[in-house]
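What follows is one structure encoded as structure tokens, with my remarks underneath.
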Amino acid sequence: MLHHEYTTKEVFRNNFFKDWRKEMTLEERLLITHLDKCDFTEIHRYFVDKAAARKALPKEEKQKLKEEAAKLQQEFGYCILDGHREKIGNFKMEPPGLFCGRGEHPKMGMVKRRVLSEDVVINCSRDAVPGPPVGHQWREVCSDTTVTWLAAWTENIQNRTKYIALNPSSKLKGEKDRQKYEVARRLGGLVDEIRAQYQAAWEAPEVKTRQRAVALYFIDKLALRAGHEKEDKTADTVGCCSLRVEHVRLHARAAGRQHVVELDFLGKDSVRYHQLVSVEEPVFRNLQLFMKNKKPRDSLFDRLTTSSLNKHLQHLMHGLTAKVFRTYNASVTLQEQLQVLTRATDSQADKVLAYSRANRAVAILCNHQRATPRSFETSMQALRRKIEAKEAQVAEAQEELQRAMASPRTGGDSKSRRLLQQRQQRLQRLSGQLARARAQATAKDENKQVALGTSKLNYLDPRISIAWMWLMSCRCRRFGVPVEKVYSRAQRERFAWALQEGDEHFQF
DNA sequence: GTCATGACTTAGCAGCAGGCCT
DNA sequence: AGGCCTGCTGCTAAGTCATGAC
């Protein structure tokens with residue numbers, strides 16, 4: 001891990017050293033007393049060399065390694081569930097290493113220990129129990145048909161259970177995924193009513209009811225997560241219900257808008273959420289009330305928990321929980337944006353671009369961010385150079401056109417007329433290329449910190465995309481959008497349930 | 001209501017395979 | 001054909017939510 005930023009952090013180094021010392025012999029413990037004095041470069045070089053050697057392997061050797069990996073996958077990567085051979089998601093155990101929590105995690109650097117078969121519970125039919133490694137045993141073997149995991153163990157850092165589970169391509173996962181979207185669609189039929197209800201509740205006599213109504217408004221309008229209380233010993237992150245006074249600033253007026261709420265907090269994975277949103281006057285007034293006489297570290301919604309909120313939601317609609325709002329609003333946004341942004345007569349490239357823009361609108365709504373890719377600056381520079389070159393070409397073409405027009409013979413013989421026309425076409429073509437390159441640069445820049453994958457995989461009902469592709473291809477055969485342009489191989493397998501349904505008139 | 005636990009979904013990142021350009 | 005990017009996939013952390021004991 002020497003190349004990683006983690007190793008420069010005090011918490012990481014202290015945690016690692018403390019755990020490392022536990023593994024030392026008495027002698028070692030007496031000798032090795034300061035991490036700063038330890039030099040790992042030889043060990044590091046050993047691994048760097050090993051990686052280089054692997055990379056330098058001749059073609060045939062690499063092919064052999066690949067085949068061996070495929071064999072392993074065939075042998076251990078599948079299970080039989082209800083008579084169907086299904087792919088397993090994570091069939092390899094997590095190797096030991098140093099814990100890398102996200103954000104300011106107090107446990108970063110702790111030693112994650114190797115998992116032995118003696119730690120692992122196997123869940124399968126009695127006649128299908130896989131043999132443990134030679135000389136070892138399973139911790140336990142069970143045949144619990146009420147759960148979906150195949151094996152489980154407890155990791156030593158946070159003491160949480162980890163599972164071996166099926167791949168998303170499996171029938172089981174697909175059916176669950178479909179159910180999730182069906183619940184979100186049911187919310188669609190009820191959402192106007194629910195919105196009217198929580199708006200009315202902004203004026204409720206009980207503070208508790210008002211808090212719930214404002215929280216629900218945030219969850220609906222801003223697509224916030226539920227945000228339950230977390231234990232200490234984790235990174236300090238929050239969601240809606242766990243927002244604190246210090247995360248909120250109220251501006252009676254900001255950027256020409258009234259009743260502006262500024263939210264600034266670290267959410268899941270310590271991703272920052274920072275937005276200024278204009279809200280209705282009662283919401284603003286309620287927030288003033290909730291913040292009154294509180295310290296910055298106090299809870300904003302002190303009378304509200306995720307559990308009480310979800311109980312309320314369950315009462316409004318069977319199966320309704322806070323996260324359903326994210327799914328609903330994400331999918332609805334995709335459907336709307338696709339309709340707004342695409343025309344049947346657009347080229348295929350434009351259609352695919354529009355799809356990614358609709359996808360981006362959702363990613364922004366859900367605050368799905370990523371670090372700017374490492375290659376970004378380089379590739380952006382290349383693009384800038386391309387734009388500059390195009391600009392020069394356009395200027396040159398313009399001059400040539402001017403010269404042709406200024407020529408005394410212009411408009412005279414047919415030859416000069418043709419030349420003029422050619423120059424005009426050339427200018428037009430180059431201008432078009434320039435515009436496209438500029439648009440590409442803008443899109444690249446706008447996308448550098450937006451992660452599209454998360455919403456695509458977890459929030460967007462695939463049937464919306466499929467119906468859209470179908471519509472685009474049917475309205476315009478020439479510029480149709482084939483599935484591969486939108487979904488990769490793994491994504492097509494994940495969404496097999498939706499592709500099979502194949503409803504071209506699907507409305508979310 | 002609170003807390004712990006278990007099960008399952010959602011999340012960003014690293015590394016690498018494979019597509020694209022020269 | 002070869003090298004360079006880009007986007008895919010695997011990995012595993014970090015959420016959500018239900019349940020049950022008190």
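In the structure tokens, chains take letters A, B, ... by order of appearance, with residues numbered from 1 within each chain and ligands from 1 in the order shown.
The neighbours of DT10 in chain B here are the residues that come within 8 Å of it, using only C-alpha atoms (C1' of nucleotides) and leaving out any residue fewer than 4 positions away in the same chain; they are Thr454 and Asn458 of chain A; DG15 of chain C.
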Write the residues of the selection above to a file with N, CA and C atoms (P, O5', C5', C4', C3', O3' and C1' of nucleotides), as a PDB file, in the first residue's frame.
```pdb
ATOM      1  N   THR A 454     -23.834   4.100 -11.067  1.00  0.00           N
ATOM      2  CA  THR A 454     -24.619   3.745  -9.894  1.00  0.00           C
ATOM      3  C   THR A 454     -26.119   3.873 -10.147  1.00  0.00           C
ATOM      4  N   ASN A 458     -28.758   0.763 -10.279  1.00  0.00           N
ATOM      5  CA  ASN A 458     -29.568   0.585  -9.076  1.00  0.00           C
ATOM      6  C   ASN A 458     -30.858   1.398  -9.006  1.00  0.00           C
TER       7      ASN A 458
ATOM      8  P    DG C  15     -21.950   5.325   5.378  1.00  0.00           P
ATOM      9  O5'  DG C  15     -23.447   5.584   4.890  1.00  0.00           O
ATOM     10  C5'  DG C  15     -24.490   4.775   5.368  1.00  0.00           C
ATOM     11  C4'  DG C  15     -25.334   4.310   4.212  1.00  0.00           C
ATOM     12  C3'  DG C  15     -26.727   3.928   4.648  1.00  0.00           C
ATOM     13  O3'  DG C  15     -27.616   4.979   4.363  1.00  0.00           O
ATOM     14  C1'  DG C  15     -25.733   2.161   3.400  1.00  0.00           C
TER      15       DG C  15
END
```
Note to self: Could you list, as a PyMOL selection string, every residue within 12 Å of range 41-51 of chain A, counting only C-alpha atoms (C1' of nucleotides) and ignoring same-chain residues fewer than 2 positions away?
What the structure shows: (chain A and resi 1-3+38-39+53-57) or (chain B and resi 15)
Give me a file of those residues, with all heavy atoms, as a short mmCIF file (atom, residue, chain, number, x, y, z; two decimals), in the first residue's frame.
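As written to disk, again_6.cif reads:
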```
data_model
loop_
_atom_site.label_atom_id
_atom_site.label_comp_id
_atom_site.auth_asym_id
_atom_site.auth_seq_id
_atom_site.Cartn_x
_atom_site.Cartn_y
_atom_site.Cartn_z
N MET A 1 0.83 -1.22 0.00
CA MET A 1 0.00 0.00 0.00
C MET A 1 0.86 1.26 0.00
O MET A 1 0.33 2.35 0.09
CB MET A 1 -0.90 0.00 1.23
CG MET A 1 -1.98 -1.04 1.19
SD MET A 1 -3.32 -0.55 2.26
CE MET A 1 -3.91 0.94 1.47
N LEU A 2 2.19 1.09 -0.08
CA LEU A 2 3.07 2.24 0.11
C LEU A 2 2.78 3.41 -0.82
O LEU A 2 2.99 4.57 -0.45
CB LEU A 2 4.54 1.82 -0.05
CG LEU A 2 5.10 0.98 1.09
CD1 LEU A 2 6.57 0.72 0.87
CD2 LEU A 2 4.88 1.67 2.43
N HIS A 3 2.30 3.10 -2.02
CA HIS A 3 2.04 4.16 -2.99
C HIS A 3 0.76 4.94 -2.63
O HIS A 3 0.48 5.96 -3.23
CB HIS A 3 1.92 3.57 -4.38
CG HIS A 3 0.70 2.67 -4.51
ND1 HIS A 3 0.64 1.42 -3.93
CD2 HIS A 3 -0.48 2.88 -5.10
CE1 HIS A 3 -0.54 0.89 -4.20
NE2 HIS A 3 -1.25 1.75 -4.90
N CYS A 38 10.69 2.10 10.12
CA CYS A 38 10.59 0.87 9.32
C CYS A 38 10.73 1.19 7.84
O CYS A 38 10.15 2.16 7.35
CB CYS A 38 9.27 0.16 9.57
SG CYS A 38 9.09 -0.38 11.25
N ASP A 39 11.47 0.36 7.15
CA ASP A 39 11.68 0.55 5.73
C ASP A 39 11.12 -0.66 4.98
O ASP A 39 11.64 -1.77 5.11
CB ASP A 39 13.18 0.70 5.47
CG ASP A 39 13.48 0.94 4.00
OD1 ASP A 39 12.52 0.97 3.21
OD2 ASP A 39 14.66 1.09 3.66
N ALA A 53 6.89 -8.78 -13.89
CA ALA A 53 7.20 -10.06 -14.51
C ALA A 53 5.95 -10.68 -15.14
O ALA A 53 5.99 -11.23 -16.24
CB ALA A 53 7.77 -11.00 -13.45
N ARG A 54 4.87 -10.54 -14.45
CA ARG A 54 3.60 -11.07 -14.95
C ARG A 54 3.18 -10.36 -16.23
O ARG A 54 2.71 -10.99 -17.17
CB ARG A 54 2.53 -10.85 -13.87
CG ARG A 54 1.31 -11.71 -13.99
CD ARG A 54 0.31 -11.27 -12.93
NE ARG A 54 -1.01 -11.29 -13.47
CZ ARG A 54 -1.82 -12.35 -13.38
NH1 ARG A 54 -1.43 -13.43 -12.77
NH2 ARG A 54 -3.04 -12.29 -13.90
N LYS A 55 3.42 -9.08 -16.24
CA LYS A 55 3.05 -8.27 -17.40
C LYS A 55 3.91 -8.62 -18.61
O LYS A 55 3.45 -8.58 -19.75
CB LYS A 55 3.21 -6.78 -17.05
CG LYS A 55 2.29 -5.87 -17.86
CD LYS A 55 2.41 -4.45 -17.40
CE LYS A 55 1.72 -3.50 -18.37
NZ LYS A 55 1.92 -2.11 -17.99
N ALA A 56 5.18 -8.96 -18.32
CA ALA A 56 6.13 -9.24 -19.40
C ALA A 56 6.04 -10.67 -19.92
O ALA A 56 6.76 -11.05 -20.84
CB ALA A 56 7.54 -8.94 -18.91
N LEU A 57 5.18 -11.46 -19.32
CA LEU A 57 5.03 -12.87 -19.71
C LEU A 57 4.70 -12.99 -21.21
O LEU A 57 3.96 -12.16 -21.73
CB LEU A 57 3.90 -13.49 -18.89
CG LEU A 57 4.21 -14.70 -18.00
CD1 LEU A 57 5.53 -14.56 -17.27
CD2 LEU A 57 3.08 -14.90 -17.01
P DG B 15 -4.30 -0.57 -8.45
OP1 DG B 15 -3.34 -1.17 -7.50
OP2 DG B 15 -4.00 0.68 -9.17
"O5'" DG B 15 -4.70 -1.68 -9.51
"C5'" DG B 15 -5.54 -2.76 -9.13
"C4'" DG B 15 -5.97 -3.51 -10.38
"O4'" DG B 15 -7.12 -2.84 -10.98
"C3'" DG B 15 -4.91 -3.59 -11.47
"O3'" DG B 15 -5.01 -4.88 -12.04
"C2'" DG B 15 -5.33 -2.49 -12.47
"C1'" DG B 15 -6.85 -2.60 -12.36
N9 DG B 15 -7.62 -1.41 -12.72
C8 DG B 15 -7.27 -0.09 -12.54
N7 DG B 15 -8.21 0.75 -12.97
C5 DG B 15 -9.22 -0.08 -13.44
C6 DG B 15 -10.48 0.24 -14.01
O6 DG B 15 -10.96 1.36 -14.22
N1 DG B 15 -11.20 -0.90 -14.36
C2 DG B 15 -10.76 -2.19 -14.16
N2 DG B 15 -11.58 -3.16 -14.55
N3 DG B 15 -9.58 -2.50 -13.63
C4 DG B 15 -8.87 -1.41 -13.29
#
```
Sorted by chain and rising residue number, list the residues of chain C at most 10 Å from chain A (counting only C-alpha atoms (C1' of nucleotides)), each with its closest atom pair and distance in Å to one decimal, as a tab-separated table.
```
residue	atom	partner	partner_atom	distance
C:DC5	C1'	A:Ser375	CA	8.4
C:DT6	C1'	A:Ser375	CA	9.5
C:DG7	C1'	A:Ser488	CA	9.6
C:DC8	C1'	A:Ser488	CA	7.8
C:DT9	C1'	A:Ala490	CA	8.2
C:DG10	C1'	A:Asn90	CA	8.4
C:DC11	C1'	A:Glu94	CA	8.3
C:DT12	C1'	A:Glu94	CA	8.0
C:DA13	C1'	A:Gly101	CA	6.5
C:DA14	C1'	A:Asp269	CA	6.4
C:DG15	C1'	A:Lys268	CA	6.5
C:DT16	C1'	A:Lys323	CA	7.5
C:DC17	C1'	A:Thr321	CA	8.3
C:DA18	C1'	A:Ser307	CA	9.9
```
Next item on the list: Going by DSSP on the backbone, which bits of range 71-205 of chain A are strand (DSSP E or B)? Write them as JSON, numbers by chain, please.
Entry: {"A": [78, 79, 80, 81, 84, 85, 86, 87, 88, 97, 98, 111, 112, 121, 122, 123, 140, 141, 142, 151, 152, 153, 154, 161, 162, 163, 164, 166]}
Saved selection, atoms kept: C-alpha atoms, as a compact mmCIF listing (two decimals), in the first residue's frame:
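Output contents, as saved in again.txt:
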```
# COMPACT_ATOMS: atom_id res chain seq x y z
CA TYR A 78 -21.63 -21.40 -10.03
CA CYS A 79 -24.30 -23.02 -7.93
CA ILE A 80 -27.56 -24.83 -8.62
CA LEU A 81 -30.62 -23.02 -7.30
CA HIS A 84 -30.98 -23.69 -12.47
CA ARG A 85 -27.24 -23.19 -12.74
CA GLU A 86 -26.63 -19.66 -11.50
CA LYS A 87 -23.52 -17.52 -11.41
CA ILE A 88 -22.17 -16.61 -7.99
CA GLY A 97 -5.00 -6.85 4.13
CA LEU A 98 -5.27 -3.44 5.70
CA VAL A 111 -5.28 -5.51 9.95
CA LYS A 112 -8.04 -7.43 8.26
CA VAL A 121 -20.87 -21.08 7.57
CA ILE A 122 -22.06 -22.91 4.46
CA ASN A 123 -25.71 -22.74 3.42
CA GLU A 140 -21.14 -24.86 10.40
CA VAL A 141 -23.28 -26.20 7.61
CA CYS A 142 -26.94 -25.22 7.36
CA ALA A 151 -21.84 -18.82 2.72
CA ALA A 152 -21.22 -16.30 5.49
CA TRP A 153 -18.51 -15.20 7.93
CA THR A 154 -17.89 -12.32 10.29
CA THR A 161 -21.44 -10.53 8.65
CA LYS A 162 -20.26 -10.87 5.08
CA TYR A 163 -21.86 -13.14 2.53
CA ILE A 164 -21.21 -15.14 -0.58
CA LEU A 166 -25.58 -14.78 -6.23
```
Margin query: Select, as a VMD selection string, those residues of chain B with any atom no more than 9 Å from chain A (distances computed using only C-alpha atoms (C1' of nucleotides)).
Written below: chain B and resid 6 to 13
Item checked: Distance in Å - CA of Ala196 in chain A versus CA of Met291 in chain A ->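 Separation between CA of Ala196 in chain A and CA of Met291 in chain A: 24.6 Å.
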Skip DC3 in chain B itself and residues of its chain fewer than 5 positions away, then list as a compact mmCIF listing (two decimals) with C-alpha atoms (C1' of nucleotides), in the first residue's frame all residues within 12 Å of it, counting only C-alpha atoms (C1' of nucleotides).
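File written: result-v2.txt
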```txt
# COMPACT_ATOMS: atom_id res chain seq x y z
CA GLU A 229 -28.11 6.86 13.49
CA LYS A 230 -24.66 5.37 13.16
CA GLU A 231 -22.45 4.05 15.90
C1' DT C 19 -37.01 -8.26 13.31
C1' DG C 20 -36.92 -9.38 18.02
C1' DA C 21 -35.54 -8.74 22.94
C1' DC C 22 -35.98 -5.60 26.57
```
Margin query: One decimal, in Å: what's the spacing between CA of Trp138 in chain A and CA of Leu150 in chain A?
Written below: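 For CA of Trp138 in chain A relative to CA of Leu150 in chain A, the distance reads 12.9 Å.
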Next item on the list: Rounded to one decimal place, report the CA of Ala330 in chain A-CA of Phe301 in chain A distance in Å.
Entry: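 About the pair CA of Ala330 in chain A and CA of Phe301 in chain A: they are 25.0 Å apart.
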Check: Skipping near chain neighbours, those fewer than 2 positions away, what residues fall within 12 Å of Leu338 in chain A using only C-alpha atoms (C1' of nucleotides), listed as a VMD selection string?
Finding: chain A and resid 331 to 336 340 to 344 350 to 362 464 to 469 471 to 472
Note to self: Based on the backbone DSSP call, show me all residues of range 45-174 of chain A assigned alpha helix (DSSP H), as number ranges by chain.
What the structure shows: A: 45-55, 59-76, 171-174
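Closest approach to Pro133 in chain A among A:Thr25, A:Ser278, A:Ser117, A:Thr7 is made by A:Ser117 (distances from only C-alpha atoms).
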Margin query: Residues near His259 in chain A, anyone? I mean within 12 Å using only C-alpha atoms (C1' of nucleotides), not counting same-chain ones fewer than 6 positions away, as a VMD selection string.
Written below: chain A and resid 249 to 253 276 to 288
Next item on the list: Tell me which of A:Ala363, A:Leu300, A:Ala255, A:Leu313 sits closest to Gln449 in chain A, counting only C-alpha atoms.
Entry: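 Closest to Gln449 in chain A of all the choices is A:Ala363.
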